[in-house]
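Dropping run.tsv in here (TSV, C-alpha atoms):
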chain	number	residue	atom	x	y	z
A	84	MET	CA	28.07	-15.00	1.72
A	85	VAL	CA	25.16	-12.57	2.01
A	86	THR	CA	23.34	-12.66	5.32
A	87	ARG	CA	20.45	-10.65	6.70
A	88	SER	CA	22.69	-8.75	9.08
A	89	GLU	CA	25.85	-8.28	7.03
A	90	GLY	CA	24.71	-7.60	3.46
A	91	SER	CA	27.27	-8.18	0.70
A	92	GLU	CA	31.01	-8.44	1.30
A	93	ASP	CA	31.98	-6.95	-2.08
A	94	GLY	CA	30.91	-3.41	-1.25
A	95	ILE	CA	27.41	-3.56	-2.76
A	96	ARG	CA	24.45	-4.46	-0.57
A	97	VAL	CA	20.95	-5.35	-1.71
A	98	ALA	CA	18.05	-4.39	0.52
A	99	VAL	CA	14.28	-4.55	0.18
A	100	SER	CA	11.79	-1.96	1.43
A	101	THR	CA	8.01	-1.77	1.31
A	102	VAL	CA	5.56	1.09	0.98
A	103	ILE	CA	2.32	-0.23	2.42
A	104	LEU	CA	-0.65	2.10	2.05
A	105	THR	CA	-4.05	2.18	3.67
A	106	MET	CA	-6.97	4.59	3.69
A	107	ARG	CA	-7.58	5.67	7.28
A	108	ARG	CA	-10.52	7.47	8.85
A	109	ASP	CA	-10.23	9.19	12.22
A	110	GLY	CA	-13.62	10.01	13.67
A	111	GLY	CA	-15.58	12.22	11.31
A	112	ALA	CA	-12.50	13.47	9.46
A	113	ALA	CA	-12.09	12.92	5.75
A	114	PRO	CA	-10.19	9.74	4.86
A	115	ARG	CA	-6.52	9.99	4.00
A	116	ILE	CA	-3.77	7.79	2.64
A	117	ALA	CA	-1.44	6.66	5.42
A	118	LEU	CA	1.59	4.40	5.75
A	119	PRO	CA	3.68	2.90	8.56
A	120	LEU	CA	7.23	4.08	9.21
A	121	VAL	CA	9.91	2.53	11.41
A	122	ARG	CA	12.20	4.57	13.66
A	123	ARG	CA	15.81	3.58	13.07
A	124	THR	CA	17.75	2.52	16.16
A	125	ARG	CA	21.29	2.62	14.75
A	126	ALA	CA	23.50	4.63	12.42
A	127	PRO	CA	23.24	5.89	9.81
A	128	HIS	CA	20.20	8.08	10.46
A	129	ALA	CA	19.68	6.76	14.00
A	130	GLY	CA	16.43	8.15	15.38
A	131	ASP	CA	15.02	9.03	11.95
A	132	TRP	CA	11.96	7.47	10.37
A	133	ALA	CA	12.30	5.06	7.45
A	134	LEU	CA	10.31	2.63	5.37
A	135	PRO	CA	10.01	-0.95	6.63
A	136	GLY	CA	12.75	-3.10	5.16
A	137	GLY	CA	15.93	-5.07	5.59
A	138	TRP	CA	18.68	-6.99	3.83
A	139	LEU	CA	18.04	-9.57	1.15
A	140	ASP	CA	19.00	-13.06	2.28
A	141	VAL	CA	20.94	-15.16	-0.25
A	142	ARG	CA	18.40	-17.95	0.21
A	143	GLU	CA	15.20	-15.99	-0.59
A	144	GLY	CA	13.51	-14.25	-3.47
A	145	LEU	CA	12.84	-10.53	-3.55
A	146	ALA	CA	9.09	-10.74	-2.87
A	147	ALA	CA	9.71	-13.20	-0.04
A	148	ALA	CA	12.27	-10.84	1.48
A	149	ALA	CA	9.81	-7.95	1.23
A	150	ALA	CA	7.08	-9.98	2.94
A	151	ARG	CA	9.46	-11.17	5.66
A	152	THR	CA	10.94	-7.79	6.51
A	153	LEU	CA	7.50	-6.16	6.47
A	154	ALA	CA	6.16	-8.74	8.91
A	155	GLU	CA	9.23	-8.47	11.14
A	156	THR	CA	9.13	-4.68	11.37
A	157	THR	CA	5.40	-3.85	11.26
A	158	GLY	CA	3.52	-7.09	11.91
A	159	LEU	CA	1.63	-6.70	8.63
A	160	ALA	CA	1.13	-9.31	5.91
A	161	PRO	CA	-0.69	-8.15	2.76
A	162	SER	CA	-1.99	-10.86	0.43
A	163	TYR	CA	0.00	-9.40	-2.46
A	164	LEU	CA	3.09	-7.30	-3.06
A	165	GLU	CA	3.99	-5.55	-6.30
A	166	GLN	CA	7.50	-4.46	-7.19
A	167	LEU	CA	7.55	-0.68	-7.40
A	168	TYR	CA	11.08	0.28	-8.49
A	169	ALA	CA	14.77	-0.26	-7.77
A	170	PHE	CA	16.59	2.69	-6.21
A	171	GLY	CA	20.36	2.63	-6.59
A	172	ALA	CA	21.82	6.14	-6.63
A	173	VAL	CA	25.48	5.97	-5.67
A	174	ASP	CA	25.12	8.52	-2.86
A	175	ARG	CA	21.80	7.32	-1.40
A	176	SER	CA	23.60	5.69	1.56
A	177	PRO	CA	27.06	5.95	3.15
A	178	SER	CA	27.76	2.46	1.82
A	179	ARG	CA	26.71	1.21	-1.64
A	180	VAL	CA	23.12	-0.02	-1.24
A	181	ILE	CA	20.59	-0.94	-3.92
A	182	SER	CA	17.04	-1.07	-2.60
A	183	VAL	CA	14.34	-3.03	-4.42
A	184	VAL	CA	11.08	-1.46	-3.27
A	185	TYR	CA	7.70	-3.17	-3.15
A	186	TRP	CA	4.32	-1.70	-2.40
A	187	ALA	CA	0.87	-2.90	-1.44
A	188	LEU	CA	-2.55	-1.70	-0.35
A	189	LEU	CA	-4.13	-3.02	2.83
A	190	ARG	CA	-7.61	-2.19	4.10
A	191	GLU	CA	-7.77	-0.39	7.42
A	192	ASP	CA	-9.83	-3.14	9.04
A	193	LEU	CA	-7.26	-5.76	7.98
A	194	VAL	CA	-4.45	-3.63	9.41
A	195	ASP	CA	-6.29	-3.51	12.75
A	196	GLN	CA	-7.07	-7.23	12.60
A	197	GLN	CA	-3.51	-8.29	11.87
A	198	LEU	CA	-2.05	-6.09	14.59
A	199	ALA	CA	-4.62	-7.38	17.10
A	200	GLU	CA	-3.67	-10.96	16.21
A	201	ARG	CA	0.01	-10.12	16.79
A	202	ARG	CA	-0.74	-8.62	20.19
A	203	ALA	CA	-2.88	-11.62	21.13
A	204	ALA	CA	0.06	-13.86	20.25
A	205	GLY	CA	2.31	-11.82	22.56
A	206	VAL	CA	4.25	-10.13	19.76
A	207	GLU	CA	5.00	-6.46	20.40
A	208	ILE	CA	5.62	-4.23	17.40
A	209	GLU	CA	8.05	-1.49	18.44
A	210	ASN	CA	9.28	1.75	16.86
A	211	VAL	CA	6.43	1.88	14.33
A	212	GLU	CA	3.97	4.71	13.76
A	213	TRP	CA	1.45	5.56	11.05
A	214	PHE	CA	1.73	8.85	9.19
A	215	ASP	CA	-0.36	10.78	6.70
A	216	ALA	CA	1.34	10.27	3.32
A	217	SER	CA	0.97	13.99	2.60
A	218	ASP	CA	2.47	15.08	5.93
A	219	LEU	CA	5.56	12.99	6.61
A	220	PRO	CA	8.43	13.69	9.01
A	221	ALA	CA	11.98	13.90	7.71
A	222	LEU	CA	12.89	10.45	6.39
A	223	ALA	CA	16.19	8.58	6.26
A	224	PHE	CA	18.12	8.07	3.04
A	225	ASP	CA	16.00	8.75	-0.08
A	226	HIS	CA	12.82	7.32	1.43
A	227	ALA	CA	10.89	10.58	0.96
A	228	ARG	CA	11.52	10.28	-2.78
A	229	ILE	CA	10.39	6.65	-2.69
A	230	VAL	CA	7.10	7.54	-0.97
A	231	GLU	CA	6.57	10.37	-3.46
A	232	TYR	CA	7.06	7.93	-6.32
A	233	ALA	CA	4.62	5.42	-4.78
A	234	ALA	CA	1.99	8.16	-4.39
A	235	TRP	CA	2.48	9.15	-8.03
A	236	ARG	CA	2.10	5.54	-9.13
A	237	LEU	CA	-1.07	5.19	-7.07
A	238	ARG	CA	-2.65	8.29	-8.66
A	239	ASN	CA	-1.55	7.19	-12.11
A	240	LYS	CA	-3.07	3.73	-11.78
A	241	ALA	CA	-6.37	5.10	-10.53
A	242	GLY	CA	-7.25	5.99	-14.11
A	243	TYR	CA	-7.04	2.50	-15.58
A	244	SER	CA	-7.06	-0.14	-12.83
A	245	ARG	CA	-9.01	-1.39	-9.83
A	246	VAL	CA	-6.47	0.15	-7.48
A	247	ALA	CA	-9.12	2.12	-5.52
A	248	GLN	CA	-10.96	-1.10	-4.65
A	249	GLY	CA	-7.85	-2.20	-2.77
A	250	PHE	CA	-8.94	0.14	0.02
A	251	LEU	CA	-12.53	-1.20	0.15
A	252	PRO	CA	-14.28	-4.32	1.45
A	253	PRO	CA	-15.62	-6.91	-1.03
A	254	GLU	CA	-18.97	-5.09	-1.19
A	255	PHE	CA	-19.20	-1.31	-1.28
A	256	THR	CA	-21.42	1.55	-2.39
A	257	LEU	CA	-20.69	3.87	-5.29
A	258	ALA	CA	-20.19	6.62	-2.72
A	259	ASP	CA	-17.51	4.47	-1.03
A	260	LEU	CA	-15.75	3.95	-4.34
A	261	ARG	CA	-15.96	7.63	-5.27
A	262	GLU	CA	-14.55	8.57	-1.86
A	263	ALA	CA	-11.61	6.20	-2.41
A	264	TYR	CA	-10.86	7.79	-5.78
A	265	GLU	CA	-11.17	11.28	-4.31
A	266	THR	CA	-8.73	10.35	-1.55
A	267	ILE	CA	-6.22	8.97	-4.04
A	268	LEU	CA	-6.52	11.87	-6.47
A	269	GLY	CA	-6.78	14.61	-3.85
A	270	ARG	CA	-9.81	16.27	-5.43
A	271	LYS	CA	-13.60	16.03	-5.47
A	272	LEU	CA	-15.42	14.20	-8.26
A	273	ASP	CA	-18.88	14.95	-9.59
A	274	PRO	CA	-21.17	12.11	-8.37
A	275	ALA	CA	-23.27	11.93	-11.56
A	276	ASN	CA	-20.27	11.93	-13.90
A	277	PHE	CA	-18.49	9.39	-11.71
A	278	ARG	CA	-21.48	7.03	-11.85
A	279	ARG	CA	-21.67	7.30	-15.64
A	280	GLN	CA	-17.97	6.57	-15.98
A	281	VAL	CA	-18.18	3.57	-13.65
A	282	ASP	CA	-21.24	2.20	-15.48
A	283	ALA	CA	-19.39	2.51	-18.79
A	284	THR	CA	-16.54	0.27	-17.57
A	285	ARG	CA	-18.93	-2.61	-16.73
A	286	THR	CA	-16.52	-3.69	-13.99
A	287	LEU	CA	-19.03	-3.58	-11.11
A	288	ILE	CA	-21.89	-5.96	-10.36
A	289	PRO	CA	-24.87	-4.66	-8.34
A	290	THR	CA	-25.86	-6.94	-5.47
A	291	ASN	CA	-29.30	-7.31	-3.90
A	292	ALA	CA	-28.03	-5.80	-0.65
A	293	PHE	CA	-28.39	-2.22	0.50
A	294	ARG	CA	-26.71	-0.11	3.16
A	295	THR	CA	-29.31	1.63	5.29
A	296	GLY	CA	-28.96	4.57	7.63
A	297	SER	CA	-30.09	8.16	8.00
A	298	HIS	CA	-30.14	8.61	4.21
A	299	ARG	CA	-31.89	6.68	1.47
A	300	PRO	CA	-30.67	3.07	1.13
A	301	ALA	CA	-27.55	2.71	-1.02
A	302	ARG	CA	-27.04	-0.37	-3.17
A	303	LEU	CA	-23.91	-2.42	-2.58
A	304	TYR	CA	-21.69	-3.45	-5.49
A	305	ARG	CA	-18.87	-5.92	-6.01
A	306	ASP	CA	-16.16	-6.31	-8.63
A	307	ALA	CA	-16.86	-8.15	-11.86
A	308	THR	CA	-13.73	-10.25	-11.53
A	309	ASP	CA	-14.20	-11.82	-14.98
A	310	VAL	CA	-13.59	-8.40	-16.57
A	311	GLU	CA	-9.88	-7.71	-16.88
A	312	LEU	CA	-8.51	-4.21	-17.19
A	313	ALA	CA	-5.31	-3.17	-18.97
A	314	ASP	CA	-3.41	-3.23	-15.69
A	315	ARG	CA	-4.67	-4.18	-12.25
A	316	GLY	CA	-1.96	-2.14	-10.55
A	317	PRO	CA	-1.18	-3.21	-6.99
A	318	LEU	CA	-4.02	-5.77	-7.27
A	319	ALA	CA	-1.43	-8.09	-8.71
A	320	PRO	CA	-1.81	-11.43	-10.52
A	321	ASP	CA	-1.23	-14.68	-8.69
A	322	GLU	CA	2.47	-14.96	-9.50
A	323	THR	CA	3.23	-11.84	-7.43
A	324	ARG	CA	1.10	-12.74	-4.46
A	325	THR	CA	2.93	-13.50	-1.23
A	326	SER	CA	0.37	-15.82	0.32
Starting from the file, give its structure as structure tokens.
Amino acid sequence: MVTRSEGSEDGIRVAVSTVILTMRRDGGAAPRIALPLVRRTRAPHAGDWALPGGWLDVREGLAAAAARTLAETTGLAPSYLEQLYAFGAVDRSPSRVISVVYWALLREDLVDQQLAERRAAGVEIENVEWFDASDLPALAFDHARIVEYAAWRLRNKAGYSRVAQGFLPPEFTLADLREAYETILGRKLDPANFRRQVDATRTLIPTNAFRTGSHRPARLYRDATDVELADRGPLAPDETRTS
């Protein structure tokens, strides 16, 4: 029988891991893509950092296992999880382990809210730290390759999905959206060209609200949810949502 602690008895274990990404801002610094890592407390790779994860229970589905292990290790619960890839190289672990990896985007304010709710409930999240996705420590197993693949998928989907909106609140300015794309792609975008490209997609609806401040008021937009794109990326359809 497969259990959470023992894995499979026939020499092949099935695990789930999750790459959960957010766009973080520290003070006046430029935003960056960040993710939580868990410090391993036992061999192999004791003391090294790894992606959140754990063993698949015989009584649960893959997405449910990803949601459970993510909550247990990091205290986070995204509203959706998308399957990223299955990693099963023979030499990726001392024992034979196949990892089914999921990924998700979670807004920074929701990360802070969920962790605050955990602390208020008396739940302490230990051995977890957030790292810049472009400046990671040495990772256990093949987790560096997994993060690299997730970053590639994120950049790839930015061209044809609403993936950038996964980092933004329900209403946002065009400057917010452009900043999210720039953070994902790692390069600056021309504001005028970006606006023309966004207008051509007809996927945004202007609201009557404006953001005011030291500069001229900026109109707020929201997604036109009745317009479907070829692929919504990590903004997954209902059948892949975990809550």
For Tyr163 in chain A, which residue among A:Ile103, A:Leu222, A:Ala258, A:Leu134 is the nearest when counting only C-alpha atoms?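 Closest residue, counting only C-alpha atoms: A:Ile103.
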Nearest to Ile208 in chain A, chosen from A:Gly111, A:Gly137, A:Gly158, A:Pro252, with only C-alpha atoms counted in the distances: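 Answer, going by the shortest atom-to-atom distance: A:Gly158.
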Near Ala113 in chain A, within 12 Å and counting all atoms listed in the file, which residues show up once chain neighbours fewer than 2 positions away are dropped, as JSON, numbers by chain? {"A": [106, 107, 108, 109, 110, 111, 115, 116, 215, 262, 263, 265, 266, 269, 270, 271]}
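Residue nearest Ser178 in chain A, chosen from A:Leu303, A:Ala98, A:Ala275, A:Ala149 and counting only C-alpha atoms: A:Ala98.
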Distance in Å - CA of Leu188 in chain A versus CA of Pro161 in chain A: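 Taking CA of Leu188 in chain A as the start and CA of Pro161 in chain A as the end point, the length is 7.4 Å.
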Can you pull out every residue within 10 Å of His226 in chain A, counting all atoms listed in the file, but drop anything in the same chain fewer than 3 positions away, and send it as a list in words?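 With the cut-off at 10 Å, the set is Ser100, Val102, Trp132, Ala133, Leu134, Phe170, Arg175, Ala221, Leu222, Ala223, Ile229, Val230, Glu231 and Tyr232 of chain A.
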Could you name the residues that touch Ile267 in chain A at 12 Å or less, counting all atoms listed in the file, but leaving out those on the same chain fewer than 4 positions away, as a VMD selection string? chain A and resid 104 to 107 114 to 117 188 216 to 217 233 to 242 246 to 250 260 to 263 271 to 272
Residue selection dump (C-alpha atoms) as an mmCIF file, in the frame of the given file:
data_model
loop_
_atom_site.group_PDB
_atom_site.id
_atom_site.type_symbol
_atom_site.label_atom_id
_atom_site.label_comp_id
_atom_site.auth_asym_id
_atom_site.auth_seq_id
_atom_site.Cartn_x
_atom_site.Cartn_y
_atom_site.Cartn_z
ATOM 1 C CA LEU A 104 -0.650 2.100 2.050
ATOM 2 C CA THR A 105 -4.050 2.180 3.670
ATOM 3 C CA MET A 106 -6.970 4.590 3.690
ATOM 4 C CA ARG A 107 -7.580 5.670 7.280
ATOM 5 C CA PRO A 114 -10.190 9.740 4.860
ATOM 6 C CA ARG A 115 -6.520 9.990 4.000
ATOM 7 C CA ILE A 116 -3.770 7.790 2.640
ATOM 8 C CA ALA A 117 -1.440 6.660 5.420
ATOM 9 C CA LEU A 188 -2.550 -1.700 -0.350
ATOM 10 C CA ALA A 216 1.340 10.270 3.320
ATOM 11 C CA SER A 217 0.970 13.990 2.600
ATOM 12 C CA ALA A 233 4.620 5.420 -4.780
ATOM 13 C CA ALA A 234 1.990 8.160 -4.390
ATOM 14 C CA TRP A 235 2.480 9.150 -8.030
ATOM 15 C CA ARG A 236 2.100 5.540 -9.130
ATOM 16 C CA LEU A 237 -1.070 5.190 -7.070
ATOM 17 C CA ARG A 238 -2.650 8.290 -8.660
ATOM 18 C CA ASN A 239 -1.550 7.190 -12.110
ATOM 19 C CA LYS A 240 -3.070 3.730 -11.780
ATOM 20 C CA ALA A 241 -6.370 5.100 -10.530
ATOM 21 C CA GLY A 242 -7.250 5.990 -14.110
ATOM 22 C CA VAL A 246 -6.470 0.150 -7.480
ATOM 23 C CA ALA A 247 -9.120 2.120 -5.520
ATOM 24 C CA GLN A 248 -10.960 -1.100 -4.650
ATOM 25 C CA GLY A 249 -7.850 -2.200 -2.770
ATOM 26 C CA PHE A 250 -8.940 0.140 0.020
ATOM 27 C CA LEU A 260 -15.750 3.950 -4.340
ATOM 28 C CA ARG A 261 -15.960 7.630 -5.270
ATOM 29 C CA GLU A 262 -14.550 8.570 -1.860
ATOM 30 C CA ALA A 263 -11.610 6.200 -2.410
ATOM 31 C CA LYS A 271 -13.600 16.030 -5.470
ATOM 32 C CA LEU A 272 -15.420 14.200 -8.260
#
Would you mind telling me which residue in A:Asp282, A:Glu209, A:Asp306, A:Ala204 lies nearest to Val121 in chain A when using all atoms listed in the file? A:Glu209
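A straight line drawn from CA of Arg305 in chain A to CA of Thr286 in chain A is 8.6 Å long.
With CA of Ala129 in chain A on one side and CA of Phe224 in chain A on the other, the separation reads 11.1 Å.
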Hey, can I get the axis-aligned box for range 97-106 of chain A? All listed atoms, 3 Å padding on each side, centre and edge lengths in Å to one decimal, as AutoDock Vina command-line options.
--center_x 7.0 --center_y -0.4 --center_z 1.0 --size_x 33.9 --size_y 15.9 --size_z 11.4
Test item: residues at most 8 Å from Arg294 in chain A, only C-alpha atoms, excluding those fewer than 6 positions along its chain, as a PDB file with C-alpha atoms, keeping the file's coordinate frame:
ATOM      1  CA  THR A 256     -21.420   1.550  -2.390  1.00  0.00           C
ATOM      2  CA  PRO A 300     -30.670   3.070   1.130  1.00  0.00           C
ATOM      3  CA  ALA A 301     -27.550   2.710  -1.020  1.00  0.00           C
ATOM      4  CA  ARG A 302     -27.040  -0.370  -3.170  1.00  0.00           C
ATOM      5  CA  LEU A 303     -23.910  -2.420  -2.580  1.00  0.00           C
TER       6      LEU A 303
END
Among listed residues A:Gly136, A:Pro253, A:Pro274, A:Gly144, nearest Ser182 in chain A (using only C-alpha atoms): A:Gly136
For range 120-141 of chain A of the structure just presented, write N, CA, C and O atoms to a file, as a PDB file, in the first residue's frame.
ATOM      1  N   LEU A 120      10.722  28.136  -1.117  1.00  0.00           N
ATOM      2  CA  LEU A 120      11.458  26.875  -1.064  1.00  0.00           C
ATOM      3  C   LEU A 120      11.449  26.360   0.369  1.00  0.00           C
ATOM      4  O   LEU A 120      11.325  27.146   1.314  1.00  0.00           O
ATOM      5  N   VAL A 121      11.575  25.055   0.515  1.00  0.00           N
ATOM      6  CA  VAL A 121      11.525  24.392   1.818  1.00  0.00           C
ATOM      7  C   VAL A 121      12.892  23.767   2.098  1.00  0.00           C
ATOM      8  O   VAL A 121      13.435  23.054   1.249  1.00  0.00           O
ATOM      9  N   ARG A 122      13.430  24.021   3.285  1.00  0.00           N
ATOM     10  CA  ARG A 122      14.712  23.404   3.648  1.00  0.00           C
ATOM     11  C   ARG A 122      14.473  21.974   4.125  1.00  0.00           C
ATOM     12  O   ARG A 122      13.684  21.728   5.035  1.00  0.00           O
ATOM     13  N   ARG A 123      15.143  21.030   3.481  1.00  0.00           N
ATOM     14  CA  ARG A 123      14.979  19.629   3.830  1.00  0.00           C
ATOM     15  C   ARG A 123      15.624  19.335   5.184  1.00  0.00           C
ATOM     16  O   ARG A 123      16.709  19.834   5.495  1.00  0.00           O
ATOM     17  N   THR A 124      14.945  18.494   5.967  1.00  0.00           N
ATOM     18  CA  THR A 124      15.423  18.180   7.315  1.00  0.00           C
ATOM     19  C   THR A 124      15.971  16.764   7.433  1.00  0.00           C
ATOM     20  O   THR A 124      16.394  16.362   8.513  1.00  0.00           O
ATOM     21  N   ARG A 125      15.928  15.998   6.342  1.00  0.00           N
ATOM     22  CA  ARG A 125      16.469  14.630   6.395  1.00  0.00           C
ATOM     23  C   ARG A 125      17.085  14.259   5.054  1.00  0.00           C
ATOM     24  O   ARG A 125      16.838  14.893   4.028  1.00  0.00           O
ATOM     25  N   ALA A 126      17.893  13.198   5.080  1.00  0.00           N
ATOM     26  CA  ALA A 126      18.551  12.709   3.877  1.00  0.00           C
ATOM     27  C   ALA A 126      17.518  12.135   2.910  1.00  0.00           C
ATOM     28  O   ALA A 126      16.457  11.659   3.346  1.00  0.00           O
ATOM     29  N   PRO A 127      17.802  12.174   1.615  1.00  0.00           N
ATOM     30  CA  PRO A 127      19.005  12.776   1.009  1.00  0.00           C
ATOM     31  C   PRO A 127      18.871  14.287   0.911  1.00  0.00           C
ATOM     32  O   PRO A 127      17.769  14.829   1.016  1.00  0.00           O
ATOM     33  N   HIS A 128      19.991  14.958   0.743  1.00  0.00           N
ATOM     34  CA  HIS A 128      20.040  16.412   0.603  1.00  0.00           C
ATOM     35  C   HIS A 128      19.578  17.142   1.857  1.00  0.00           C
ATOM     36  O   HIS A 128      18.975  18.214   1.768  1.00  0.00           O
ATOM     37  N   ALA A 129      19.834  16.582   3.026  1.00  0.00           N
ATOM     38  CA  ALA A 129      19.464  17.252   4.278  1.00  0.00           C
ATOM     39  C   ALA A 129      20.139  18.622   4.328  1.00  0.00           C
ATOM     40  O   ALA A 129      21.335  18.757   4.065  1.00  0.00           O
ATOM     41  N   GLY A 130      19.367  19.633   4.675  1.00  0.00           N
ATOM     42  CA  GLY A 130      19.866  20.992   4.770  1.00  0.00           C
ATOM     43  C   GLY A 130      19.771  21.784   3.486  1.00  0.00           C
ATOM     44  O   GLY A 130      19.950  23.008   3.499  1.00  0.00           O
ATOM     45  N   ASP A 131      19.502  21.117   2.363  1.00  0.00           N
ATOM     46  CA  ASP A 131      19.373  21.823   1.091  1.00  0.00           C
ATOM     47  C   ASP A 131      17.949  22.335   0.904  1.00  0.00           C
ATOM     48  O   ASP A 131      17.003  21.863   1.546  1.00  0.00           O
ATOM     49  N   TRP A 132      17.815  23.274  -0.026  1.00  0.00           N
ATOM     50  CA  TRP A 132      16.495  23.817  -0.346  1.00  0.00           C
ATOM     51  C   TRP A 132      15.846  22.995  -1.447  1.00  0.00           C
ATOM     52  O   TRP A 132      16.531  22.463  -2.324  1.00  0.00           O
ATOM     53  N   ALA A 133      14.511  22.901  -1.391  1.00  0.00           N
ATOM     54  CA  ALA A 133      13.774  22.104  -2.370  1.00  0.00           C
ATOM     55  C   ALA A 133      12.400  22.718  -2.590  1.00  0.00           C
ATOM     56  O   ALA A 133      11.929  23.555  -1.803  1.00  0.00           O
ATOM     57  N   LEU A 134      11.746  22.302  -3.642  1.00  0.00           N
ATOM     58  CA  LEU A 134      10.379  22.733  -3.896  1.00  0.00           C
ATOM     59  C   LEU A 134       9.427  22.095  -2.889  1.00  0.00           C
ATOM     60  O   LEU A 134       9.680  20.988  -2.408  1.00  0.00           O
ATOM     61  N   PRO A 135       8.329  22.776  -2.561  1.00  0.00           N
ATOM     62  CA  PRO A 135       7.320  22.158  -1.693  1.00  0.00           C
ATOM     63  C   PRO A 135       6.765  20.896  -2.350  1.00  0.00           C
ATOM     64  O   PRO A 135       6.530  20.868  -3.555  1.00  0.00           O
ATOM     65  N   GLY A 136       6.568  19.860  -1.555  1.00  0.00           N
ATOM     66  CA  GLY A 136       6.030  18.637  -2.127  1.00  0.00           C
ATOM     67  C   GLY A 136       5.957  17.518  -1.115  1.00  0.00           C
ATOM     68  O   GLY A 136       6.210  17.703   0.076  1.00  0.00           O
ATOM     69  N   GLY A 137       5.603  16.341  -1.604  1.00  0.00           N
ATOM     70  CA  GLY A 137       5.493  15.170  -0.742  1.00  0.00           C
ATOM     71  C   GLY A 137       5.004  13.984  -1.549  1.00  0.00           C
ATOM     72  O   GLY A 137       4.812  14.057  -2.763  1.00  0.00           O
ATOM     73  N   TRP A 138       4.762  12.877  -0.846  1.00  0.00           N
ATOM     74  CA  TRP A 138       4.348  11.647  -1.506  1.00  0.00           C
ATOM     75  C   TRP A 138       2.878  11.679  -1.877  1.00  0.00           C
ATOM     76  O   TRP A 138       2.049  12.265  -1.178  1.00  0.00           O
ATOM     77  N   LEU A 139       2.557  11.018  -2.970  1.00  0.00           N
ATOM     78  CA  LEU A 139       1.166  10.841  -3.382  1.00  0.00           C
ATOM     79  C   LEU A 139       0.520   9.762  -2.533  1.00  0.00           C
ATOM     80  O   LEU A 139       1.059   8.660  -2.385  1.00  0.00           O
ATOM     81  N   ASP A 140      -0.622  10.083  -1.962  1.00  0.00           N
ATOM     82  CA  ASP A 140      -1.382   9.108  -1.182  1.00  0.00           C
ATOM     83  C   ASP A 140      -2.249   8.282  -2.130  1.00  0.00           C
ATOM     84  O   ASP A 140      -2.801   8.813  -3.098  1.00  0.00           O
ATOM     85  N   VAL A 141      -2.391   6.997  -1.862  1.00  0.00           N
ATOM     86  CA  VAL A 141      -3.160   6.109  -2.730  1.00  0.00           C
ATOM     87  C   VAL A 141      -4.619   6.532  -2.817  1.00  0.00           C
ATOM     88  O   VAL A 141      -5.320   6.192  -3.778  1.00  0.00           O
TER      89      VAL A 141
END
